$ cat start29.cif   # mmCIF, C-alpha atoms
data_final
loop_
_atom_site.group_PDB
_atom_site.id
_atom_site.type_symbol
_atom_site.label_atom_id
_atom_site.label_comp_id
_atom_site.auth_asym_id
_atom_site.auth_seq_id
_atom_site.Cartn_x
_atom_site.Cartn_y
_atom_site.Cartn_z
ATOM 1 C CA MET P 1 0.000 0.000 0.000
ATOM 2 C CA ILE P 2 2.724 2.479 1.001
ATOM 3 C CA ILE P 3 4.818 1.581 -2.061
ATOM 4 C CA ASN P 4 1.808 2.180 -4.292
ATOM 5 C CA LEU P 5 1.172 5.600 -2.708
ATOM 6 C CA VAL P 6 4.841 6.583 -3.042
ATOM 7 C CA SER P 7 4.851 5.529 -6.703
ATOM 8 C CA ILE P 8 1.679 7.558 -7.374
ATOM 9 C CA PHE P 9 3.229 10.573 -5.628
ATOM 10 C CA LEU P 10 6.539 10.391 -7.533
ATOM 11 C CA ALA P 11 4.827 9.677 -10.842
ATOM 12 C CA ALA P 12 2.596 12.736 -10.382
ATOM 13 C CA ILE P 13 5.693 14.882 -9.918
ATOM 14 C CA LEU P 14 7.978 13.438 -12.573
ATOM 15 C CA THR P 15 6.457 11.150 -15.197
ATOM 16 C CA ASN P 16 2.818 12.300 -15.136
ATOM 17 C CA ASN P 17 3.510 15.987 -14.540
ATOM 18 C CA TYR P 18 0.298 17.813 -15.419
ATOM 19 C CA VAL P 19 2.083 20.799 -16.964
ATOM 20 C CA LEU P 20 5.063 19.220 -18.702
ATOM 21 C CA GLN P 21 3.618 15.847 -19.704
ATOM 22 C CA LYS P 22 -0.164 16.319 -19.884
ATOM 23 C CA PHE P 23 0.038 20.003 -20.927
ATOM 24 C CA LEU P 24 -2.702 21.114 -18.546
ATOM 25 C CA GLY P 25 -2.526 24.504 -16.820
ATOM 26 C CA ILE P 26 -0.332 26.108 -19.475
ATOM 27 C CA CYS P 27 -1.865 29.614 -19.181
ATOM 28 C CA PRO P 28 -0.659 30.329 -15.618
ATOM 29 C CA PHE P 29 2.494 28.315 -16.331
ATOM 30 C CA LEU P 30 3.477 30.804 -19.034
ATOM 31 C CA GLY P 31 1.977 33.854 -17.353
ATOM 32 C CA VAL P 32 3.205 33.630 -13.757
ATOM 33 C CA SER P 33 6.594 31.990 -14.268
ATOM 34 C CA LYS P 34 8.541 35.228 -14.855
ATOM 35 C CA LYS P 35 9.632 35.461 -11.209
ATOM 36 C CA ILE P 36 10.379 32.585 -8.857
ATOM 37 C CA ASP P 37 8.561 34.069 -5.849
ATOM 38 C CA THR P 38 5.366 34.596 -7.846
ATOM 39 C CA ALA P 39 5.685 31.117 -9.359
ATOM 40 C CA VAL P 40 6.043 29.563 -5.890
ATOM 41 C CA SER P 41 3.076 31.526 -4.531
ATOM 42 C CA MET P 42 0.858 30.533 -7.451
ATOM 43 C CA SER P 43 1.949 26.906 -7.121
ATOM 44 C CA LEU P 44 1.188 26.821 -3.398
ATOM 45 C CA ALA P 45 -2.302 28.139 -4.126
ATOM 46 C CA VAL P 46 -2.714 25.440 -6.801
ATOM 47 C CA ILE P 47 -1.538 22.714 -4.383
ATOM 48 C CA ILE P 48 -4.124 23.839 -1.829
ATOM 49 C CA VAL P 49 -6.921 24.040 -4.407
ATOM 50 C CA MET P 50 -6.015 20.643 -5.942
ATOM 51 C CA THR P 51 -5.934 18.935 -2.557
ATOM 52 C CA VAL P 52 -9.104 20.500 -1.165
ATOM 53 C CA ALA P 53 -10.929 20.005 -4.477
ATOM 54 C CA THR P 54 -10.023 16.303 -4.389
ATOM 55 C CA LEU P 55 -11.107 16.047 -0.749
ATOM 56 C CA VAL P 56 -14.524 17.382 -1.760
ATOM 57 C CA THR P 57 -15.064 16.001 -5.277
ATOM 58 C CA TRP P 58 -14.090 12.344 -4.702
ATOM 59 C CA PRO P 59 -16.788 11.709 -2.050
ATOM 60 C CA ILE P 60 -19.353 13.638 -4.107
ATOM 61 C CA GLN P 61 -18.542 11.499 -7.153
ATOM 62 C CA VAL P 62 -18.699 8.204 -5.264
ATOM 63 C CA LEU P 63 -21.496 8.918 -2.784
ATOM 64 C CA ILE P 64 -23.810 11.054 -4.925
ATOM 65 C CA LEU P 65 -23.077 11.076 -8.661
ATOM 66 C CA ASP P 66 -22.270 7.366 -9.021
ATOM 67 C CA ARG P 67 -24.897 6.214 -6.532
ATOM 68 C CA PHE P 68 -27.740 8.039 -8.276
ATOM 69 C CA GLY P 69 -26.491 7.391 -11.812
ATOM 70 C CA ILE P 70 -25.843 11.035 -12.636
ATOM 71 C CA GLY P 71 -22.123 10.766 -13.376
ATOM 72 C CA TYR P 72 -22.663 12.765 -16.559
ATOM 73 C CA LEU P 73 -22.889 15.868 -14.333
ATOM 74 C CA GLN P 74 -19.313 15.341 -13.119
ATOM 75 C CA THR P 75 -17.681 18.165 -15.079
ATOM 76 C CA ILE P 76 -20.303 20.759 -14.147
ATOM 77 C CA VAL P 77 -20.296 19.791 -10.465
ATOM 78 C CA PHE P 78 -16.500 19.714 -10.246
ATOM 79 C CA ILE P 79 -16.152 23.127 -11.930
ATOM 80 C CA LEU P 80 -18.661 24.650 -9.506
ATOM 81 C CA ILE P 81 -16.806 23.177 -6.517
ATOM 82 C CA ILE P 82 -13.419 24.400 -7.791
ATOM 83 C CA ALA P 83 -14.845 27.869 -8.515
ATOM 84 C CA ALA P 84 -16.229 28.124 -4.975
ATOM 85 C CA LEU P 85 -12.896 27.032 -3.460
ATOM 86 C CA VAL P 86 -10.954 29.558 -5.523
ATOM 87 C CA GLN P 87 -13.336 32.356 -4.523
ATOM 88 C CA PHE P 88 -12.793 31.465 -0.875
ATOM 89 C CA ILE P 89 -8.984 31.396 -1.273
ATOM 90 C CA GLU P 90 -9.046 34.665 -3.236
ATOM 91 C CA ALA P 91 -11.077 36.415 -0.531
ATOM 92 C CA PHE P 92 -8.772 35.031 2.174
ATOM 93 C CA MET P 93 -5.625 36.197 0.355
ATOM 94 C CA LYS P 94 -7.098 39.631 -0.420
ATOM 95 C CA LYS P 95 -7.809 40.172 3.270
ATOM 96 C CA ASN P 96 -4.752 38.533 4.847
ATOM 97 C CA MET P 97 -2.019 38.680 2.176
ATOM 98 C CA PRO P 98 -2.551 41.806 0.037
ATOM 99 C CA PRO P 99 0.981 41.908 -1.498
ATOM 100 C CA LEU P 100 0.700 38.300 -2.662
ATOM 101 C CA TYR P 101 -2.827 38.926 -3.892
ATOM 102 C CA GLN P 102 -1.580 41.885 -5.954
ATOM 103 C CA ALA P 103 1.423 39.908 -7.262
ATOM 104 C CA LEU P 104 -0.758 37.078 -8.555
ATOM 105 C CA GLY P 105 -3.154 39.519 -10.186
ATOM 106 C CA ILE P 106 -5.481 38.015 -12.767
ATOM 107 C CA TYR P 107 -3.901 34.577 -12.468
ATOM 108 C CA LEU P 108 -5.436 33.839 -9.078
ATOM 109 C CA PRO P 109 -9.021 33.835 -10.417
ATOM 110 C CA LEU P 110 -7.714 31.820 -13.371
ATOM 111 C CA ILE P 111 -7.197 28.867 -11.015
ATOM 112 C CA THR P 112 -10.968 28.476 -11.352
ATOM 113 C CA THR P 113 -10.509 27.599 -15.010
ATOM 114 C CA ASN P 114 -7.098 25.979 -14.583
ATOM 115 C CA CYS P 115 -7.592 22.702 -16.390
ATOM 116 C CA ALA P 116 -4.820 21.106 -14.288
ATOM 117 C CA VAL P 117 -7.043 21.338 -11.208
ATOM 118 C CA LEU P 118 -10.052 19.944 -13.048
ATOM 119 C CA GLY P 119 -7.801 17.348 -14.695
ATOM 120 C CA VAL P 120 -6.563 16.041 -11.329
ATOM 121 C CA THR P 121 -10.069 15.676 -9.921
ATOM 122 C CA THR P 122 -11.470 13.920 -12.992
ATOM 123 C CA LEU P 123 -8.443 11.701 -13.667
ATOM 124 C CA ASN P 124 -8.485 10.511 -10.060
ATOM 125 C CA ILE P 125 -11.918 9.058 -10.808
ATOM 126 C CA ASP P 126 -10.994 7.836 -14.300
ATOM 127 C CA ASN P 127 -7.875 6.060 -12.995
ATOM 128 C CA GLY P 128 -9.956 4.267 -10.356
ATOM 129 C CA TYR P 129 -8.004 5.702 -7.432
ATOM 130 C CA ASN P 130 -9.442 5.214 -3.963
ATOM 131 C CA PHE P 131 -9.696 8.173 -1.590
ATOM 132 C CA ALA P 132 -6.142 7.922 -0.207
ATOM 133 C CA GLU P 133 -4.632 7.445 -3.678
ATOM 134 C CA SER P 134 -6.619 10.428 -4.964
ATOM 135 C CA ILE P 135 -5.327 12.682 -2.186
ATOM 136 C CA VAL P 136 -1.732 11.527 -2.724
ATOM 137 C CA ASN P 137 -2.086 12.058 -6.474
ATOM 138 C CA ALA P 138 -3.527 15.563 -5.914
ATOM 139 C CA ILE P 139 -0.691 16.557 -3.575
ATOM 140 C CA GLY P 140 1.910 15.027 -5.896
ATOM 141 C CA SER P 141 0.374 16.783 -8.896
ATOM 142 C CA GLY P 142 0.505 20.078 -7.023
ATOM 143 C CA VAL P 143 4.147 19.499 -6.100
ATOM 144 C CA GLY P 144 4.821 18.603 -9.739
ATOM 145 C CA TYR P 145 3.179 21.881 -10.737
ATOM 146 C CA LEU P 146 5.457 23.672 -8.268
ATOM 147 C CA VAL P 147 8.554 21.923 -9.643
ATOM 148 C CA ALA P 148 7.623 22.817 -13.227
ATOM 149 C CA MET P 149 6.885 26.446 -12.318
ATOM 150 C CA VAL P 150 10.106 26.950 -10.340
ATOM 151 C CA LEU P 151 12.278 25.276 -12.986
ATOM 152 C CA PHE P 152 10.711 27.301 -15.752
ATOM 153 C CA ALA P 153 10.955 30.540 -13.750
ATOM 154 C CA GLY P 154 14.699 29.859 -13.425
ATOM 155 C CA VAL P 155 14.991 29.241 -17.158
ATOM 156 C CA ARG P 156 13.071 32.429 -17.947
ATOM 157 C CA GLY P 157 15.296 34.366 -15.567
ATOM 158 C CA ARG P 158 18.319 33.217 -17.554
ATOM 159 C CA LEU P 159 16.598 34.117 -20.819
ATOM 160 C CA GLU P 160 16.136 37.710 -19.634
ATOM 161 C CA SER P 161 19.899 38.218 -19.527
ATOM 162 C CA SER P 162 20.676 36.264 -22.706
ATOM 163 C CA ASP P 163 21.354 37.642 -26.156
ATOM 164 C CA ILE P 164 18.395 36.239 -28.078
ATOM 165 C CA PRO P 165 17.830 36.885 -31.796
ATOM 166 C CA LYS P 166 15.179 39.562 -32.304
ATOM 167 C CA SER P 167 12.818 37.200 -34.146
ATOM 168 C CA LEU P 168 12.745 34.803 -31.163
ATOM 169 C CA ARG P 169 12.281 37.311 -28.346
ATOM 170 C CA GLY P 170 9.156 37.139 -26.211
ATOM 171 C CA LEU P 171 6.673 34.322 -26.722
ATOM 172 C CA PRO P 172 8.680 32.290 -29.311
ATOM 173 C CA ILE P 173 11.689 31.751 -27.048
ATOM 174 C CA THR P 174 9.367 31.159 -24.084
ATOM 175 C CA LEU P 175 7.606 28.329 -25.933
ATOM 176 C CA ILE P 176 10.913 26.858 -27.111
ATOM 177 C CA ALA P 177 12.244 26.926 -23.542
ATOM 178 C CA ALA P 178 9.019 25.334 -22.235
ATOM 179 C CA SER P 179 9.309 22.522 -24.790
ATOM 180 C CA LEU P 180 12.930 21.863 -23.790
ATOM 181 C CA VAL P 181 11.992 21.725 -20.101
ATOM 182 C CA ALA P 182 9.168 19.303 -20.993
ATOM 183 C CA CYS P 183 11.598 17.156 -23.005
ATOM 184 C CA SER P 184 13.950 16.994 -20.042
ATOM 185 C CA PHE P 185 11.192 15.308 -18.033
ATOM 186 C CA LEU P 186 10.969 12.532 -20.626
ATOM 187 C CA GLY P 187 14.167 11.212 -19.074
ATOM 188 C CA PHE P 188 12.136 10.133 -16.046
ATOM 189 C CA GLY P 189 9.958 7.858 -18.203
ATOM 190 C CA GLY P 190 10.132 4.293 -16.941
ATOM 191 C CA MET P 191 12.234 5.258 -13.913
ATOM 192 C CA ILE P 192 9.335 5.176 -11.454
ATOM 193 C CA ASP P 193 8.040 1.919 -12.918
ATOM 194 C CA GLY P 194 11.511 0.385 -12.780
ATOM 195 C CA ILE P 195 12.125 1.408 -9.168
ATOM 196 C CA PHE P 196 8.823 0.095 -7.878
ATOM 197 C CA GLY P 197 8.522 -2.904 -10.215
ATOM 198 C CA LEU P 198 5.323 -1.642 -11.815
ATOM 199 C CA LYS P 199 4.204 -2.271 -15.358
#
$ encode --input "start29.cif" --output "structure tokens"
Amino acid sequence: MIINLVSIFLAAILTNNYVLQKFLGICPFLGVSKKIDTAVSMSLAVIIVMTVATLVTWPIQVLILDRFGIGYLQTIVFILIIAALVQFIEAFMKKNMPPLYQALGIYLPLITTNCAVLGVTTLNIDNGYNFAESIVNAIGSGVGYLVAMVLFAGVRGRLESSDIPKSLRGLPITLIAASLVACSFLGFGGMIDGIFGLK
């Protein structure tokens, strides 16, 4: 059981990274990754939302949607739950952490429509994870999001001081750098399975 949870956690960070492997949550990934402190703050908010959303959506799916045969409402219900959680976190940060709230700007409300958060909650169900596995996967996915954001913020920091051809400045070099960071994570493919003897 513990080995399975550890493998789910590590896979969510490295081999099943929602940003670099599944390409979910790209908008805030590109928008907030200019500075490491902002990237970390955004990622911490995403970790909290992913975890709490999983804590709420998994029981609702199993105890209500599946039980009454209304699983087709999953996407709508999950989006409403995530939107409510983000509104609560936004109000909390606005009141208690104004500088961080200002630094995140428009990207904090965008967590509501961050497909990485919705992707975690729905894929937990689709993968047949039990409650504990779903929570571990949500936390691991959030940590993976943090790793991707911090790595990419470091890369973008280096790009700011580099001599880049004029035609590649701005979005083109950002997308090229993002693709190279994503390719670097391909090196982890099979490693988790090999360590834990999984297929």
$ residues_around --input "start29.cif" --residues "Gly25 (chain P)" --least-positions-apart "5" --cutoff "10 Å" --atoms "all atoms listed in the file" --output "number ranges by chain"
P: 18-20, 30, 110-111, 113-119, 145
$ resolve_selection --input "start29.cif" --expression "the PyMOL selection byres ((chain P and resi 4-17) around 7)" --output "list of chain:residue names"
P:Met1, P:Ile2, P:Ile3, P:Tyr18, P:Val19, P:Leu20, P:Gln21, P:Lys22, P:Glu133, P:Val136, P:Asn137, P:Gly140, P:Ser141, P:Val143, P:Gly144, P:Phe185, P:Phe188, P:Gly189, P:Ile192, P:Phe196
$ atom_distance --input "start29.cif" --atom1 "CA of Leu186 (chain P)" --atom2 "CA of Ala45 (chain P)"
26.3 Å
$ residues_around --input "start29.cif" --residues "region 47-53 of chain P" --least-positions-apart "5" --cutoff "8 Å" --atoms "only C-alpha atoms" --output "tab-separated table (two decimals) with C-alpha atoms, keeping the file's coordinate frame"
chain	number	residue	atom	x	y	z
P	81	ILE	CA	-16.81	23.18	-6.52
P	82	ILE	CA	-13.42	24.40	-7.79
P	85	LEU	CA	-12.90	27.03	-3.46
P	86	VAL	CA	-10.95	29.56	-5.52
P	117	VAL	CA	-7.04	21.34	-11.21
P	120	VAL	CA	-6.56	16.04	-11.33
P	121	THR	CA	-10.07	15.68	-9.92
P	135	ILE	CA	-5.33	12.68	-2.19
P	138	ALA	CA	-3.53	15.56	-5.91
P	139	ILE	CA	-0.69	16.56	-3.58
P	141	SER	CA	0.37	16.78	-8.90
P	142	GLY	CA	0.50	20.08	-7.02
P	143	VAL	CA	4.15	19.50	-6.10
P	145	TYR	CA	3.18	21.88	-10.74
$ resolve_selection --input "start29.cif" --expression "the PyMOL selection byres ((chain P and resi 29) around 9)" --output "list in words"
Val19, Gly25, Ile26, Cys27, Pro28, Leu30, Gly31, Val32, Ser33, Ala39, Tyr145, Ala148, Met149 and Phe152 of chain P
$ residues_around --input "start29.cif" --residues "Asp37 (chain P)" --least-positions-apart "5" --cutoff "12 Å" --atoms "only C-alpha atoms" --output "list in words"
Val32, Met42, Ser43, Leu44, Pro99, Leu100, Ala103, Leu104, Leu146, Met149, Val150, Leu151, Ala153, Gly154 and Gly157 of chain P
$ closest_residue --input "start29.cif" --among "P:Ala177, P:Val155, P:Cys183, P:Ile164" --to "Ile36 (chain P)" --atoms "only C-alpha atoms"
P:Val155
$ residues_around --input "start29.cif" --residues "Leu159 (chain P)" --least-positions-apart "5" --cutoff "12 Å" --atoms "all atoms listed in the file" --output "PDB file with C-alpha atoms, in the frame of the given file"
ATOM      1  CA  LYS P  34       8.541  35.228 -14.855  1.00  0.00           C
ATOM      2  CA  LYS P  35       9.632  35.461 -11.209  1.00  0.00           C
ATOM      3  CA  PHE P 152      10.711  27.301 -15.752  1.00  0.00           C
ATOM      4  CA  ALA P 153      10.955  30.540 -13.750  1.00  0.00           C
ATOM      5  CA  GLY P 154      14.699  29.859 -13.425  1.00  0.00           C
ATOM      6  CA  ILE P 164      18.395  36.239 -28.078  1.00  0.00           C
ATOM      7  CA  PRO P 165      17.830  36.885 -31.796  1.00  0.00           C
ATOM      8  CA  LEU P 168      12.745  34.803 -31.163  1.00  0.00           C
ATOM      9  CA  ARG P 169      12.281  37.311 -28.346  1.00  0.00           C
ATOM     10  CA  GLY P 170       9.156  37.139 -26.211  1.00  0.00           C
ATOM     11  CA  LEU P 171       6.673  34.322 -26.722  1.00  0.00           C
ATOM     12  CA  PRO P 172       8.680  32.290 -29.311  1.00  0.00           C
ATOM     13  CA  ILE P 173      11.689  31.751 -27.048  1.00  0.00           C
ATOM     14  CA  THR P 174       9.367  31.159 -24.084  1.00  0.00           C
ATOM     15  CA  LEU P 175       7.606  28.329 -25.933  1.00  0.00           C
ATOM     16  CA  ILE P 176      10.913  26.858 -27.111  1.00  0.00           C
ATOM     17  CA  ALA P 177      12.244  26.926 -23.542  1.00  0.00           C
ATOM     18  CA  ALA P 178       9.019  25.334 -22.235  1.00  0.00           C
TER      19      ALA P 178
END
$ residues_near_point --input "start29.cif" --point "(-17.6, 17.5, -6.9)" --cutoff "8 Å" --atoms "all atoms listed in the file" --output "ChimeraX atom specification"
/P:53,56-61,74,77-81
$ atom_distance --input "start29.cif" --atom1 "CA of Thr54 (chain P)" --atom2 "CA of Ala182 (chain P)"
25.6 Å
$ atom_distance --input "start29.cif" --atom1 "CA of Gly128 (chain P)" --atom2 "CA of Gly69 (chain P)"
16.9 Å
$ resolve_selection --input "start29.cif" --expression "the PyMOL selection byres ((chain P and resi 101) around 12)" --output "list in words"
Thr38, Ser41, Met42, Ala45, Ile89, Glu90, Ala91, Phe92, Met93, Lys94, Lys95, Asn96, Met97, Pro98, Pro99, Leu100, Gln102, Ala103, Leu104, Gly105, Ile106, Tyr107, Leu108 and Pro109 of chain P
